[in-house]
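Asker: I am attaching a structure below and will ask some questions about it afterwards.
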Amino acid sequence: MGKVYLVGAGPGDPDLITVKGLRCIQEADVILYDRLVNKELLTYAKEGVELINCGKLPDYHLLQQETINRFLVKYAKKGKVVTRLKGGDPFVFGRGGEEAEELAENGIHFEIVPGITAGIAAPAYAGIPVTHREHASSFAIITGHRKKDEEDNIKWESLAKGIDTLAIYMGIKNLPYIQEKLLEHGKKPETPVALIHWGTLNTQQTAISTLANILETAKNESISNPCMILVGEVVALNEKINWFEPRQVEKLLANEAF
């Protein structure tokens with residue numbers, strides 16, 4: 001019997017993979033990887049490794065989740081070391097829990113290797129701390145989309161009134177609905193909002209707006225998924241401590257010169 005590693009590859013920047021995660025890539029006989037995994041990480045795999053692209057796009061799955069589950073079990077039963085490489089963290093909107101259940105039900109030995117999730121990393125690369133002693137003592141991560149025809153069970157009132165910073169994953173398609181629900185349940189229209197596209201990569205693009213104006217900003221800046229939506233007062237710190245994006249860094253350096 002082989003073994004399966006459910007590995008978080010981090011948010012995009014390949015340097016953010018954990019040491020253990022990298023070792024799982026190097027030792028794998030089979031790697032099943034997702035669309036948002038940086039392909040540079042696959043260059044660390046050993047010669048002869050079998051690479052399987054699970055490439056999930058919005059509204060389109062190259063491999064259905066049930067097929068992925070079957071592959072994990074099949075290769076492990078063949079005695080292979082299998083690395084399931086997932087963007088971010090496998091247990092944060094990564095369906096790692098479902099895969100772990102399948103492995104447990106089939107008696108497959110497995111390990112979970114946590115990764116850095118985009119809800120923390122993308123804001124950090126945009127100069128936005130999700131918590132701050134003066135601005136935010138609470139932080140929530142929320143899915144920005146639901147399964148087709150699934151009823152909305154998100155507690156919008158609690159989020160709008162009780163949480164300082166909201167990190168919303170993959171919510172661009174539903175941004176009008178998200179805006180509507182937060183305003184409806186008491187979030188102030190002037191609350192700062194950041195849209196972070198391709199967070200932690202050299203192509204990262206951050207658009208800053210307010211809850212009232214975020215739809216117009218998203219349209220004007222042509223923001224699409226993958227995107228993290230950050231809502232809260234901490235977003236305003238982007239102007240002061242953004243350190244990563246070239247345009248923002250140039251602006252900060254220019255200000256220092258004077």
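Ordered as shown in the structure tokens, chains take letters A, B, and onward, while each chain numbers its residues from 1 and ligands are numbered from 1 in the order shown.
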Set the distance at 7 Å and use only C-alpha atoms: which residues neighbour region 121-133 of chain A once local chain neighbours fewer than 4 positions away are removed? I'd like the list as a ChimeraX atom specification.

Answerer: /A:11,116-117,137-139,165,196,199-200,206,234-235,237-238,241-244

Asker: Could you dump the residues just selected with N, CA and C atoms as a short mmCIF file (atom, residue, chain, number, x, y, z; two decimals), in the first residue's frame?

Answerer:
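Wrote it out as out31.cif, contents follow:
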```
data_model
loop_
_atom_site.label_atom_id
_atom_site.label_comp_id
_atom_site.auth_asym_id
_atom_site.auth_seq_id
_atom_site.Cartn_x
_atom_site.Cartn_y
_atom_site.Cartn_z
N PRO A 11 -0.16 30.29 -2.11
CA PRO A 11 -1.06 31.16 -2.87
C PRO A 11 -0.63 31.50 -4.29
N ILE A 116 0.07 27.98 2.92
CA ILE A 116 -0.32 29.36 3.20
C ILE A 116 -1.53 29.70 2.34
N THR A 117 -2.61 30.11 2.98
CA THR A 117 -3.84 30.39 2.25
C THR A 117 -3.85 31.82 1.70
N SER A 137 -9.57 43.38 15.28
CA SER A 137 -9.27 42.30 16.23
C SER A 137 -9.95 41.00 15.86
N SER A 138 -10.67 40.99 14.74
CA SER A 138 -11.31 39.77 14.27
C SER A 138 -11.19 39.67 12.75
N PHE A 139 -11.21 38.43 12.27
CA PHE A 139 -10.92 38.15 10.87
C PHE A 139 -11.71 36.91 10.47
N THR A 165 -12.52 42.28 9.72
CA THR A 165 -11.95 42.08 8.39
C THR A 165 -12.56 40.85 7.74
N ILE A 196 -7.85 41.90 -4.96
CA ILE A 196 -6.46 41.50 -5.21
C ILE A 196 -6.46 40.34 -6.21
N GLY A 199 -2.94 37.28 -6.51
CA GLY A 199 -2.15 37.64 -5.35
C GLY A 199 -0.86 36.86 -5.21
N THR A 200 0.22 37.53 -4.85
CA THR A 200 1.59 37.06 -4.59
C THR A 200 2.39 36.79 -5.86
N THR A 206 -3.89 45.15 -7.55
CA THR A 206 -4.74 45.49 -6.42
C THR A 206 -5.54 46.75 -6.75
N VAL A 234 -8.71 47.85 7.67
CA VAL A 234 -7.29 47.57 7.44
C VAL A 234 -6.89 47.81 5.99
N VAL A 235 -7.86 47.78 5.08
CA VAL A 235 -7.55 47.99 3.66
C VAL A 235 -6.89 49.34 3.43
N LEU A 237 -4.63 50.69 4.98
CA LEU A 237 -3.19 50.65 5.23
C LEU A 237 -2.40 50.34 3.96
N ASN A 238 -3.07 49.88 2.93
CA ASN A 238 -2.41 49.61 1.65
C ASN A 238 -1.64 50.82 1.15
N ILE A 241 1.71 50.95 3.44
CA ILE A 241 2.70 49.88 3.61
C ILE A 241 2.74 48.88 2.45
N ASN A 242 2.14 49.23 1.32
CA ASN A 242 2.26 48.34 0.16
C ASN A 242 3.74 48.25 -0.23
N TRP A 243 4.25 47.04 -0.31
CA TRP A 243 5.68 46.85 -0.55
C TRP A 243 5.99 46.04 -1.81
N PHE A 244 4.96 45.48 -2.45
CA PHE A 244 5.21 44.46 -3.46
C PHE A 244 4.97 44.91 -4.89
#
```

Asker: Assign secondary structure with DSSP using the backbone only, and return the residues of region 18-241 of chain A in strand (DSSP E or B) as JSON, numbers by chain.

Answerer: {"A": [30, 31, 32, 33, 50, 51, 52, 53, 56, 57, 60, 61, 81, 82, 83, 84, 85, 86, 88, 109, 110, 111, 112, 113, 132, 136, 139, 140, 141, 142, 143, 165, 166, 167, 168, 169, 192, 193, 194, 195, 196, 197, 205, 206, 207, 208, 209, 210, 227, 228, 229, 230, 231]}

Asker: I'd like the neighbourhood of Glu50 (chain A) as a PyMOL selection string, where a residue qualifies if any of its atoms comes within 9 Å (using only C-alpha atoms), though same-chain residues fewer than 3 positions away should be ignored.

Answerer: chain A and resi 28-32

Asker: I need the residues in region 16-243 of chain A that are alpha helix (DSSP H) according to DSSP; give them as number ranges by chain.

Answerer: A: 19-27, 65-77, 96-105, 118-125, 156-162, 175-184, 214-220, 238-241

Asker: Please list as a list of chain:residue names every residue within 6 Å of Tyr169 (chain A), counting only C-alpha atoms and excluding residues in the same chain fewer than 3 positions away.

Answerer: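 The neighbour list is A:Thr143, A:Gly144, A:Met228.
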
Asker: Which one of A:Glu233, A:Glu239, A:Asp34, A:Glu180 sits closest to Arg84 (chain A) if you count only C-alpha atoms?

Answerer: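 Comparing A:Glu233, A:Glu239, A:Asp34, A:Glu180 against Arg84 (chain A), the winner is A:Asp34.
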
Asker: Write out as a short mmCIF file (atom, residue, chain, number, x, y, z; two decimals) with C-alpha atoms, in the first residue's frame each polymer residue whose atoms come within 7 Å of region 185-193 of chain A, counting only C-alpha atoms; drop sequence neighbours fewer than 2 positions from it.

Answerer:
```
data_model
loop_
_atom_site.label_atom_id
_atom_site.label_comp_id
_atom_site.auth_asym_id
_atom_site.auth_seq_id
_atom_site.Cartn_x
_atom_site.Cartn_y
_atom_site.Cartn_z
CA TRP A 156 -24.37 38.04 6.52
CA GLU A 157 -25.63 40.03 9.51
CA ALA A 160 -21.39 42.74 8.56
CA LYS A 161 -21.73 43.74 12.20
CA LYS A 181 -25.88 41.68 1.48
CA LEU A 182 -23.20 43.57 3.40
CA LEU A 183 -24.93 46.92 2.88
CA LEU A 195 -9.72 43.47 -4.89
CA ILE A 208 -8.82 49.85 -3.77
CA SER A 209 -12.32 51.23 -3.41
CA THR A 210 -15.24 51.43 -0.99
CA LEU A 211 -18.14 49.08 -0.49
CA ALA A 212 -20.45 51.58 -2.19
CA LEU A 230 -10.86 42.20 1.42
CA VAL A 231 -13.42 44.27 3.32
CA GLY A 232 -12.50 46.32 6.38
CA GLU A 233 -10.67 49.33 7.77
CA VAL A 235 -7.55 47.99 3.66
CA ALA A 236 -6.70 51.67 4.08
#
```

Asker: Excluding Glu27 (chain A) and residues on its chain fewer than 5 positions from it, collect all residues at most 12 Å away from it, counting only C-alpha atoms, and give them as a count of residues only.

Answerer: 18

Asker: How many Å separate CA of Cys54 (chain A) from CA of Thr203 (chain A)?

Answerer: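 Taking CA of Cys54 (chain A) and CA of Thr203 (chain A), their separation equals 23.1 Å.
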
Asker: In Å to one decimal, how far is CA of Lys86 (chain A) from CA of Pro176 (chain A)?

Answerer: 28.3 Å

Asker: Would you pick out the contacts of Asn69 (chain A) at 12 Å or less, using only C-alpha atoms, so that residues sharing its chain but fewer than 2 positions from it are not included, and give the list as a short mmCIF file (atom, residue, chain, number, x, y, z; two decimals) with N, CA and C atoms, in the first residue's frame?

Answerer:
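around_30.cif, freshly written:
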```cif
data_model
loop_
_atom_site.label_atom_id
_atom_site.label_comp_id
_atom_site.auth_asym_id
_atom_site.auth_seq_id
_atom_site.Cartn_x
_atom_site.Cartn_y
_atom_site.Cartn_z
N VAL A 4 -0.70 8.82 0.49
CA VAL A 4 -1.12 10.06 -0.16
C VAL A 4 -0.81 11.25 0.73
N LEU A 6 -1.77 15.18 1.06
CA LEU A 6 -2.62 16.29 0.63
C LEU A 6 -1.88 17.57 0.99
N LEU A 32 -1.02 14.88 -8.54
CA LEU A 32 -2.27 15.43 -9.08
C LEU A 32 -2.33 16.89 -8.64
N CYS A 54 -5.55 18.34 -12.71
CA CYS A 54 -6.95 18.29 -12.26
C CYS A 54 -7.69 19.56 -12.60
N LEU A 63 -11.30 17.50 -14.37
CA LEU A 63 -11.61 16.24 -13.70
C LEU A 63 -12.63 16.51 -12.61
N GLN A 64 -13.70 15.75 -12.58
CA GLN A 64 -14.67 15.88 -11.51
C GLN A 64 -14.06 15.40 -10.20
N GLN A 65 -14.57 15.93 -9.09
CA GLN A 65 -14.00 15.59 -7.79
C GLN A 65 -14.05 14.08 -7.52
N GLU A 66 -15.12 13.43 -7.94
CA GLU A 66 -15.24 11.99 -7.73
C GLU A 66 -14.13 11.24 -8.47
N THR A 67 -13.76 11.72 -9.65
CA THR A 67 -12.68 11.09 -10.42
C THR A 67 -11.34 11.28 -9.71
N PHE A 71 -8.75 8.39 -8.36
CA PHE A 71 -7.34 8.34 -8.73
C PHE A 71 -6.44 8.24 -7.50
N LEU A 72 -6.75 9.02 -6.48
CA LEU A 72 -5.94 8.98 -5.26
C LEU A 72 -5.93 7.58 -4.66
N VAL A 73 -7.08 6.98 -4.59
CA VAL A 73 -7.20 5.62 -4.03
C VAL A 73 -6.50 4.60 -4.93
N LYS A 74 -6.73 4.72 -6.24
CA LYS A 74 -6.17 3.75 -7.19
C LYS A 74 -4.66 3.72 -7.14
N TYR A 75 -4.02 4.89 -7.20
CA TYR A 75 -2.56 4.93 -7.22
C TYR A 75 -1.96 4.50 -5.88
N ALA A 76 -2.62 4.86 -4.78
CA ALA A 76 -2.12 4.44 -3.47
C ALA A 76 -2.18 2.92 -3.33
N VAL A 82 1.78 9.32 -3.55
CA VAL A 82 0.94 10.26 -4.30
C VAL A 82 0.91 11.60 -3.58
N ARG A 84 -1.07 15.08 -3.71
CA ARG A 84 -2.22 15.86 -4.22
C ARG A 84 -1.91 17.31 -3.92
N ARG A 95 -11.36 21.51 -0.67
CA ARG A 95 -11.99 20.20 -0.74
C ARG A 95 -11.06 19.09 -0.25
N GLY A 96 -10.04 19.50 0.50
CA GLY A 96 -9.14 18.51 1.08
C GLY A 96 -9.83 17.60 2.07
N GLY A 97 -10.81 18.15 2.78
CA GLY A 97 -11.56 17.34 3.74
C GLY A 97 -12.29 16.19 3.06
N GLU A 98 -12.87 16.47 1.88
CA GLU A 98 -13.58 15.42 1.14
C GLU A 98 -12.62 14.33 0.67
N GLU A 99 -11.44 14.76 0.22
CA GLU A 99 -10.46 13.78 -0.24
C GLU A 99 -9.93 12.95 0.91
N ALA A 100 -9.70 13.58 2.06
CA ALA A 100 -9.24 12.85 3.23
C ALA A 100 -10.28 11.83 3.68
N GLU A 101 -11.55 12.19 3.63
CA GLU A 101 -12.62 11.25 3.98
C GLU A 101 -12.59 10.03 3.08
N GLU A 102 -12.43 10.26 1.77
CA GLU A 102 -12.40 9.16 0.81
C GLU A 102 -11.22 8.23 1.09
N LEU A 103 -10.08 8.81 1.39
CA LEU A 103 -8.90 8.00 1.69
C LEU A 103 -9.10 7.19 2.97
N ALA A 104 -9.67 7.83 3.98
CA ALA A 104 -9.91 7.13 5.25
C ALA A 104 -10.89 5.97 5.06
N GLU A 105 -11.93 6.19 4.27
CA GLU A 105 -12.93 5.15 4.04
C GLU A 105 -12.36 3.95 3.30
N ASN A 106 -11.28 4.19 2.53
CA ASN A 106 -10.67 3.11 1.76
C ASN A 106 -9.40 2.56 2.42
N ILE A 108 -6.61 4.06 3.21
CA ILE A 108 -5.36 4.58 2.64
C ILE A 108 -4.65 5.45 3.67
#
```

Asker: Out of A:Glu111, A:Asp164, A:Glu221, A:Asp13, which residue has the shortest atom-to-atom distance to Leu36 (chain A) when counting only C-alpha atoms?

Answerer: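 Looking at the shortest contact to Leu36 (chain A), the residue is A:Asp13.
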